[in-house]
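Q: This is the content of structure.cif (mmCIF, C-alpha atoms and all ligand atoms):
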```cif
data_coords
#
loop_
_atom_site.label_atom_id
_atom_site.label_comp_id
_atom_site.auth_asym_id
_atom_site.auth_seq_id
_atom_site.Cartn_x
_atom_site.Cartn_y
_atom_site.Cartn_z
CA MET A 1 13.49 143.68 192.85
CA LYS A 2 16.66 145.38 191.58
CA SER A 3 19.02 142.94 193.34
CA LYS A 4 18.02 139.98 191.18
CA LYS A 5 20.17 139.19 188.16
CA MET A 6 18.54 139.71 184.77
CA VAL A 7 18.31 137.13 181.97
CA LEU A 8 17.53 137.80 178.31
CA VAL A 9 15.69 135.06 176.40
CA THR A 10 15.18 135.43 172.63
CA ALA A 11 11.80 134.27 171.34
CA GLY A 12 10.37 133.69 174.79
CA SER A 13 6.68 133.90 174.04
CA ARG A 14 6.01 130.25 173.24
CA GLY A 15 7.41 126.73 173.18
CA ILE A 16 10.82 126.09 174.71
CA GLY A 17 11.45 129.83 175.07
CA ALA A 18 8.31 130.34 177.16
CA ALA A 19 9.23 127.38 179.39
CA ILE A 20 12.69 128.91 179.93
CA VAL A 21 11.08 132.26 180.80
CA ARG A 22 8.69 130.60 183.31
CA VAL A 23 11.33 128.43 185.01
CA LEU A 24 13.96 131.19 185.21
CA SER A 25 11.49 133.75 186.54
CA LYS A 26 11.68 131.90 189.90
CA HIS A 27 15.28 133.16 190.28
CA TYR A 28 15.88 136.04 187.88
CA ASN A 29 14.33 139.15 186.39
CA ILE A 30 13.48 138.37 182.79
CA VAL A 31 13.52 140.28 179.53
CA PHE A 32 12.37 138.31 176.52
CA THR A 33 11.81 139.06 172.85
CA TYR A 34 9.03 137.95 170.54
CA ARG A 35 8.57 138.27 166.81
CA THR A 36 4.85 138.82 166.19
CA ASN A 37 2.62 137.41 168.91
CA LYS A 38 2.45 140.54 171.08
CA GLU A 39 -0.71 139.54 172.95
CA GLN A 40 0.61 136.12 173.99
CA ALA A 41 3.98 137.61 174.94
CA GLU A 42 2.49 140.38 177.06
CA LEU A 43 0.12 137.98 178.81
CA LEU A 44 3.07 135.77 179.78
CA ALA A 45 5.16 138.72 180.95
CA LYS A 46 2.29 140.07 183.04
CA SER A 47 1.56 136.68 184.62
CA LEU A 48 5.16 136.41 185.84
CA THR A 49 5.56 139.94 187.17
CA ASN A 50 5.13 140.33 190.92
CA ASN A 51 6.63 142.19 193.88
CA ASN A 52 9.91 140.25 193.65
CA THR A 53 10.40 139.75 189.93
CA PHE A 54 9.97 141.71 186.76
CA CYS A 55 9.32 140.09 183.41
CA VAL A 56 9.04 142.28 180.33
CA CYS A 57 8.93 141.60 176.61
CA TYR A 58 9.85 143.50 173.45
CA PRO A 59 9.37 142.82 169.74
CA CYS A 60 12.50 141.94 167.78
CA ASP A 61 13.01 140.16 164.50
CA VAL A 62 16.30 138.44 165.25
CA THR A 63 17.31 138.31 161.58
CA LYS A 64 17.33 142.09 161.27
CA THR A 65 20.63 143.52 162.48
CA SER A 66 19.15 147.01 162.91
CA GLU A 67 16.38 145.66 165.18
CA VAL A 68 18.80 143.55 167.23
CA LYS A 69 21.13 146.56 167.59
CA SER A 70 18.43 148.97 168.76
CA PHE A 71 16.88 146.32 171.03
CA CYS A 72 20.27 145.61 172.68
CA GLU A 73 21.02 149.33 173.11
CA MET A 74 17.60 149.82 174.76
CA LEU A 75 18.18 146.75 176.95
CA LEU A 76 21.55 147.97 178.24
CA ASP A 77 20.23 151.47 178.78
CA LYS A 78 16.96 150.56 180.49
CA HIS A 79 17.63 147.22 182.18
CA GLY A 80 21.43 146.99 182.40
CA THR A 81 23.72 144.15 181.40
CA PRO A 82 22.14 140.70 181.41
CA TYR A 83 23.70 138.02 183.58
CA ALA A 84 22.68 135.51 180.92
CA LEU A 85 21.70 135.48 177.27
CA ILE A 86 19.66 132.53 176.00
CA ASN A 87 19.78 132.34 172.20
CA ASN A 88 16.58 130.37 171.67
CA ALA A 89 14.96 131.82 168.53
CA GLY A 90 14.93 129.25 165.77
CA ILE A 91 13.20 128.00 162.70
CA SER A 92 13.16 124.70 160.84
CA VAL A 93 12.31 124.44 157.16
CA ASN A 94 12.36 120.76 156.29
CA ASN A 95 13.19 120.02 152.66
CA LEU A 96 15.59 117.71 150.85
CA GLN A 97 18.62 119.68 149.66
CA ILE A 98 17.84 118.90 146.01
CA ASN A 99 14.50 120.71 146.48
CA MET A 100 15.63 123.43 148.88
CA THR A 101 15.47 127.00 147.61
CA ILE A 102 18.23 129.49 148.28
CA ALA A 103 15.74 131.62 150.21
CA GLU A 104 14.86 128.64 152.49
CA TRP A 105 18.55 127.98 153.12
CA GLN A 106 19.26 131.63 153.93
CA THR A 107 16.28 132.05 156.29
CA VAL A 108 17.34 129.11 158.42
CA ILE A 109 20.99 130.19 158.59
CA GLU A 110 19.99 133.80 159.31
CA THR A 111 17.60 132.86 162.12
CA ASN A 112 19.48 130.03 163.82
CA LEU A 113 23.12 130.97 163.29
CA ASN A 114 23.58 134.62 162.31
CA ALA A 115 21.12 135.91 164.92
CA THR A 116 23.09 134.09 167.63
CA PHE A 117 26.16 136.05 166.51
CA TYR A 118 24.21 139.34 166.39
CA PHE A 119 23.05 139.10 170.02
CA ASN A 120 26.49 137.95 171.21
CA HIS A 121 28.06 140.80 169.21
CA TYR A 122 26.04 143.50 170.97
CA LEU A 123 26.02 142.02 174.49
CA LEU A 124 29.32 140.27 174.97
CA ASN A 125 31.40 143.36 175.79
CA PRO A 126 29.21 144.51 178.71
CA MET A 127 29.03 140.90 179.96
CA ILE A 128 32.84 140.69 179.87
CA ILE A 129 33.08 143.97 181.79
CA ASP A 130 30.66 142.59 184.42
CA GLY A 131 32.94 139.57 184.81
CA ASP A 132 30.09 137.16 185.51
CA GLY A 133 27.89 135.84 182.75
CA CYS A 134 26.46 132.94 180.78
CA ILE A 135 25.46 132.41 177.18
CA ILE A 136 23.35 129.40 176.24
CA ASN A 137 22.66 128.52 172.63
CA ILE A 138 19.67 126.29 171.99
CA SER A 139 21.01 123.95 169.33
CA SER A 140 19.60 120.52 168.37
CA ILE A 141 20.72 116.91 168.08
CA SER A 142 20.16 117.52 164.38
CA GLY A 143 23.40 119.52 164.59
CA LEU A 144 25.19 116.54 166.11
CA ARG A 145 23.99 113.67 163.95
CA GLY A 146 22.22 115.21 160.92
CA ASN A 147 18.71 114.47 159.76
CA ILE A 148 17.13 113.85 156.36
CA GLY A 149 15.46 117.04 155.11
CA GLN A 150 17.39 119.21 157.56
CA THR A 151 20.65 120.12 155.82
CA SER A 152 20.17 123.84 156.53
CA TYR A 153 18.85 123.22 160.05
CA SER A 154 21.65 120.72 160.88
CA ALA A 155 24.28 123.05 159.45
CA SER A 156 22.99 125.99 161.50
CA LYS A 157 22.75 123.94 164.70
CA ALA A 158 26.19 122.33 164.24
CA ALA A 159 27.65 125.79 163.61
CA GLN A 160 26.09 127.05 166.85
CA ILE A 161 27.94 124.25 168.67
CA GLY A 162 31.24 125.20 167.01
CA MET A 163 30.64 128.84 167.88
CA THR A 164 29.90 127.84 171.47
CA LYS A 165 33.23 126.01 171.84
CA SER A 166 35.37 128.79 170.31
CA LEU A 167 33.59 131.56 172.20
CA ALA A 168 33.83 129.60 175.46
CA LYS A 169 37.62 129.56 175.03
CA GLU A 170 37.71 133.28 174.15
CA VAL A 171 35.76 134.53 177.17
CA ALA A 172 36.46 131.99 179.94
CA MET A 173 39.17 134.27 181.37
CA PHE A 174 36.44 136.89 181.99
CA ASN A 175 34.24 134.40 183.86
CA VAL A 176 31.71 134.27 181.05
CA ARG A 177 30.57 130.68 180.39
CA VAL A 178 29.17 129.60 177.03
CA ASN A 179 27.28 126.33 176.52
CA SER A 180 24.86 124.74 174.07
CA ILE A 181 21.83 122.59 174.70
CA ALA A 182 20.95 120.01 172.06
CA PRO A 183 17.37 118.85 172.54
CA GLY A 184 15.88 115.87 170.74
CA LEU A 185 12.22 115.88 169.86
CA VAL A 186 10.29 118.34 172.04
CA GLU A 187 6.54 118.97 171.93
CA THR A 188 6.12 122.52 170.59
CA GLU A 189 4.51 124.30 167.66
CA MET A 190 7.69 123.63 165.67
CA THR A 191 7.37 119.86 165.88
CA ALA A 192 3.55 119.95 165.62
CA GLU A 193 4.18 120.74 161.96
CA LEU A 194 5.89 117.38 161.39
CA PRO A 195 3.80 114.69 159.64
CA LYS A 196 2.36 112.21 162.18
CA LYS A 197 4.30 109.36 160.56
CA VAL A 198 7.64 111.18 161.06
CA LEU A 199 6.72 112.13 164.62
CA ASP A 200 5.72 108.55 165.51
CA GLN A 201 8.94 107.21 163.99
CA LEU A 202 11.04 109.68 165.98
CA ILE A 203 9.28 108.71 169.22
CA LYS A 204 9.74 105.01 168.38
CA SER A 205 13.47 105.64 167.88
CA THR A 206 13.72 107.42 171.24
CA PRO A 207 14.83 104.91 173.93
CA LEU A 208 12.62 106.61 176.56
CA ARG A 209 9.71 106.22 174.06
CA LYS A 210 8.30 109.69 174.60
CA ILE A 211 8.50 113.20 173.29
CA GLY A 212 10.34 115.75 175.46
CA GLN A 213 8.58 118.67 177.10
CA PRO A 214 9.76 122.30 176.95
CA ASP A 215 10.35 122.17 180.74
CA ASP A 216 12.92 119.38 180.24
CA VAL A 217 15.06 121.88 178.34
CA ALA A 218 14.24 124.81 180.64
CA LYS A 219 15.44 122.88 183.70
CA MET A 220 18.84 122.34 182.07
CA VAL A 221 19.07 126.07 181.40
CA GLU A 222 18.21 126.68 185.08
CA TYR A 223 20.96 124.24 186.11
CA LEU A 224 23.61 125.76 183.86
CA LEU A 225 22.85 129.28 185.07
CA GLY A 226 22.90 128.23 188.71
CA GLU A 227 25.65 126.95 191.00
CA GLY A 228 25.67 123.56 189.28
CA GLY A 229 26.99 125.19 186.14
CA ASN A 230 29.95 126.94 187.80
CA PHE A 231 32.62 124.72 186.21
CA ILE A 232 30.86 123.98 182.90
CA THR A 233 31.80 125.80 179.72
CA GLY A 234 32.06 124.98 176.01
CA GLN A 235 29.80 121.95 176.43
CA THR A 236 26.75 120.66 174.60
CA MET A 237 24.14 119.19 176.94
CA VAL A 238 22.08 116.61 175.07
CA ILE A 239 18.46 116.31 176.26
CA ASP A 240 16.86 113.78 173.95
CA GLY A 241 15.51 110.74 175.78
CA GLY A 242 18.43 108.80 174.33
CA LEU A 243 17.54 109.44 170.66
CA SER A 244 21.14 110.21 169.70
CA ILE A 245 22.72 107.18 171.43
N1 LIG B 301 10.91 121.43 169.32
C1 LIG B 301 11.95 120.64 169.10
O1 LIG B 301 11.82 119.42 168.95
C2 LIG B 301 13.33 121.20 169.09
C3 LIG B 301 13.57 122.56 169.10
N2 LIG B 301 14.87 123.01 169.10
C4 LIG B 301 15.18 124.43 169.11
O2 LIG B 301 14.53 125.06 170.20
C5 LIG B 301 14.32 126.44 169.90
C6 LIG B 301 12.87 126.80 170.22
O3 LIG B 301 12.03 126.07 169.35
P1 LIG B 301 10.56 125.58 169.74
O4 LIG B 301 10.13 126.20 170.99
O5 LIG B 301 10.54 124.12 169.61
O6 LIG B 301 9.73 126.11 168.49
P2 LIG B 301 8.75 127.36 168.33
O7 LIG B 301 8.49 127.40 166.87
O8 LIG B 301 7.62 127.26 169.25
O9 LIG B 301 9.67 128.56 168.78
C7 LIG B 301 10.55 129.20 167.94
C8 LIG B 301 10.50 130.66 168.28
O10 LIG B 301 11.45 131.34 167.46
C9 LIG B 301 10.82 132.53 167.02
N3 LIG B 301 11.42 133.02 165.80
C10 LIG B 301 11.56 132.39 164.61
N4 LIG B 301 12.07 133.23 163.71
C11 LIG B 301 12.25 134.42 164.33
C12 LIG B 301 12.72 135.69 163.92
N5 LIG B 301 13.12 135.92 162.67
N6 LIG B 301 12.77 136.68 164.84
C13 LIG B 301 12.35 136.47 166.08
N7 LIG B 301 11.89 135.30 166.55
C14 LIG B 301 11.84 134.29 165.67
C15 LIG B 301 9.36 132.15 166.81
O11 LIG B 301 8.54 133.30 166.76
C16 LIG B 301 9.12 131.28 168.01
O12 LIG B 301 8.73 132.05 169.13
C17 LIG B 301 14.68 126.61 168.42
O13 LIG B 301 15.97 127.16 168.32
C18 LIG B 301 14.67 125.19 167.89
O14 LIG B 301 15.49 125.03 166.78
C19 LIG B 301 15.93 122.15 169.11
C20 LIG B 301 15.72 120.81 169.08
C21 LIG B 301 14.42 120.23 169.09
C1 LIG B 302 16.33 115.95 165.07
C2 LIG B 302 15.48 116.70 166.04
C3 LIG B 302 14.79 115.77 167.00
C4 LIG B 302 14.47 117.54 165.34
C5 LIG B 302 13.55 116.99 164.49
C6 LIG B 302 12.64 117.79 163.88
C7 LIG B 302 12.63 119.14 164.11
C8 LIG B 302 11.65 120.02 163.40
O1 LIG B 302 11.12 119.61 162.38
O2 LIG B 302 11.43 121.13 163.84
C9 LIG B 302 13.56 119.68 164.99
O3 LIG B 302 13.54 121.02 165.25
C10 LIG B 302 14.50 118.90 165.58
O4 LIG B 302 15.41 119.48 166.34
#
```
Could you spell out this file's structure in structure tokens?

A:
Amino acid sequence: MKSKKMVLVTAGSRGIGAAIVRVLSKHYNIVFTYRTNKEQAELLAKSLTNNNTFCVCYPCDVTKTSEVKSFCEMLLDKHGTPYALINNAGISVNNLQINMTIAEWQTVIETNLNATFYFNHYLLNPMIIDGDGCIINISSISGLRGNIGQTSYSASKAAQIGMTKSLAKEVAMFNVRVNSIAPGLVETEMTAELPKKVLDQLIKSTPLRKIGQPDDVAKMVEYLLGEGGNFITGQTMVIDGGLSI
């Protein structure tokens, strides 16, 4: 069990995060965080733990620097340095900028952008020392092409992509690879909140005429962490059924 590499996934209890946890648990030991849904998180962790793999979960509000710091210290102490960090936690608050409150703006930037920095901040040094690591930031095509009602979300996701490119250049010499994934529309609780009319329009605008599944994103994470990703860094892998073409 100890010989397997360990991967940390933020917000792994549901949606895209849970798919990443499930797919990666075939190859790696997994630690994932959750915000509030303890029962769901623990059920998932238990279902993936067996003689060959461990999967454990811990609560962590990614916007709180003190929680991220103590979580990361516990992680390094108890489970060692992760081979990979998947910055998946995210939130979308859709509102036209003229109506957007300062609190709405700040929550989205805190959760999607600042939290990515917090986890990198606490884990990068040990990953550099290990000399073999990957960071994957779950961005969005909204960060590549913008979207009405998503100025905060687009800004946070575009910034994640910029951070990915700069960090990739900073740490490549230590064999740490940093990439982003930019999904299009994916069927999760986040997009279930969209009005049906908006959802239908997005699917109609998607050349493959369907909504993506969390596994579609998880399989790209699996690829990037595996041998296929050996020579890939600083990139943004778009998984969107052609929506951004
Ligand atoms: N569903 C979609 O169409 C797309 C999703 N994404 C991104 O994929 C990632 C995962 O989203 P989904 O699985 O779709 O949605 P989701 O809403 O199911 O998952 C988001 C997760 O982030 C967690 N989270 C939010 N705020 C948090 C906080 N302060 N502390 C800790 N955890 C927090 C939630 O608890 C939840 O587990 C997000 O970064 C999202 O922006 C990107 C493009 C498209
Ligand atoms: C622009 C992409 C497809 C998109 C659209 C809507 C939401 C949402 O309301 O949550 C997203 O998270 C997206 O990434």

Q: In Å, with one decimal, what is the gap from atom CA of Ala45 of chain A to atom CA of Tyr118 of chain A?

A: 24.0 Å

Q: If we draw a sphere of 12 Å around (34.1, 136.5, 176.2), which residues have at least one atom in it when counting all atoms listed in the file? Please report them as a ChimeraX atom specification.

A: /A:120-135,163-178,233-234

Q: Please identify the residues whose atoms come within 10 Å of ligand LIG 302 (chain B), using all atoms listed in the file, and report them as a PyMOL selection string.

A: chain A and resi 90-95+138-150+153-154+157+182-195+198-199+202-203+206+211-212+239-240+243-244

Q: Can you measure atom CA of Ile181 of chain A to atom C8 of ligand LIG 301 (chain B) for me? One decimal in Å is fine.

A: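 Going from atom CA of Ile181 of chain A over to atom C8 of ligand LIG 301 (chain B) covers 15.3 Å.
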
Q: Show which residues sit within 9 Å of segment 68-72 of chain A, as number ranges by chain. Count only C-alpha atoms, and ignore same-chain residues fewer than 4 positions away.

A: A: 58-64, 76-77, 115, 118-119, 122-123

Q: For the atom pair atom P2 of ligand LIG 301 (chain B) and atom CA of Phe117 of chain A, what is the interatomic distance in Å to one decimal place?

A: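 Atom-to-atom, atom P2 of ligand LIG 301 (chain B) to atom CA of Phe117 of chain A, that is 19.5 Å.
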
Q: Tell me which of A:Ser180, A:Asn112, A:Asn88, A:Gln97 sits closest to Pro214 of chain A, counting all atoms listed in the file.

A: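 Going through A:Ser180, A:Asn112, A:Asn88, A:Gln97 one by one, the smallest distance to Pro214 of chain A is for A:Asn88.
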
Q: Under the rule that only C-alpha atoms are counted, which of A:Pro207, A:Ile136, A:Ser25, A:Val108 is the nearest residue to Ile232 of chain A?

A: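 The closest residue to Ile232 of chain A is A:Ile136.
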
Q: Closest to ligand LIG 301 (chain B) among A:Leu224, A:Val238, A:Leu24, A:Ile30, using all atoms listed in the file?

A: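 Once distances to ligand LIG 301 (chain B) are computed over all atoms listed in the file, the minimum belongs to A:Val238.
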
Q: When you count all atoms listed in the file, which of these residues is closest to ligand LIG 301 (chain B): A:Gly80, A:Gly228, A:Gly241, A:Gly162?

A: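 Nearest to ligand LIG 301 (chain B): A:Gly241.
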
Q: Which neighbours of His79 of chain A fall inside 12 Å, counting all atoms listed in the file, when residues of the same chain fewer than 4 positions from it are skipped, and could you give them as number ranges by chain?

A: A: 1-2, 4-8, 29-32, 54-57, 71-75, 83

Q: Using only C-alpha atoms and all ligand atoms, can you tell me which of A:His27, A:Lys38, A:Lys219, A:Lys196 comes closest to ligand LIG 301 (chain B)?

A: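 Between A:His27, A:Lys38, A:Lys219, A:Lys196, the residue approaching ligand LIG 301 (chain B) most closely is A:Lys38.
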
Q: Can you tell me, as JSON, the centre and edge lengths (Å, one decimal) of the axis-aligned box enclosing all of segment 72-85 of chain A's listed atoms after padding each side by 8 Å?

A:
```
{"center_x": 20.3, "center_y": 143.5, "center_z": 178.1, "size_x": 22.8, "size_y": 32.0, "size_z": 26.9}
```

Q: Given only C-alpha atoms and all ligand atoms as the basis, pick out the residue of A:Thr101, A:Thr81, A:Gln160, A:Thr49 nearest to ligand LIG 301 (chain B).

A: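 For ligand LIG 301 (chain B), the nearest of the candidates is A:Gln160.
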
Q: Please provide the set of residues having any atom within 8 Å of segment 39-43 of chain A, restricted to all atoms listed in the file, with same-chain residues fewer than 3 positions apart removed, written as a list in words.

A: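 Contacts, in chain order: Gly12, Ser13, Arg14, Tyr34, Lys46, Ser47, Val56 and Cys57 of chain A.
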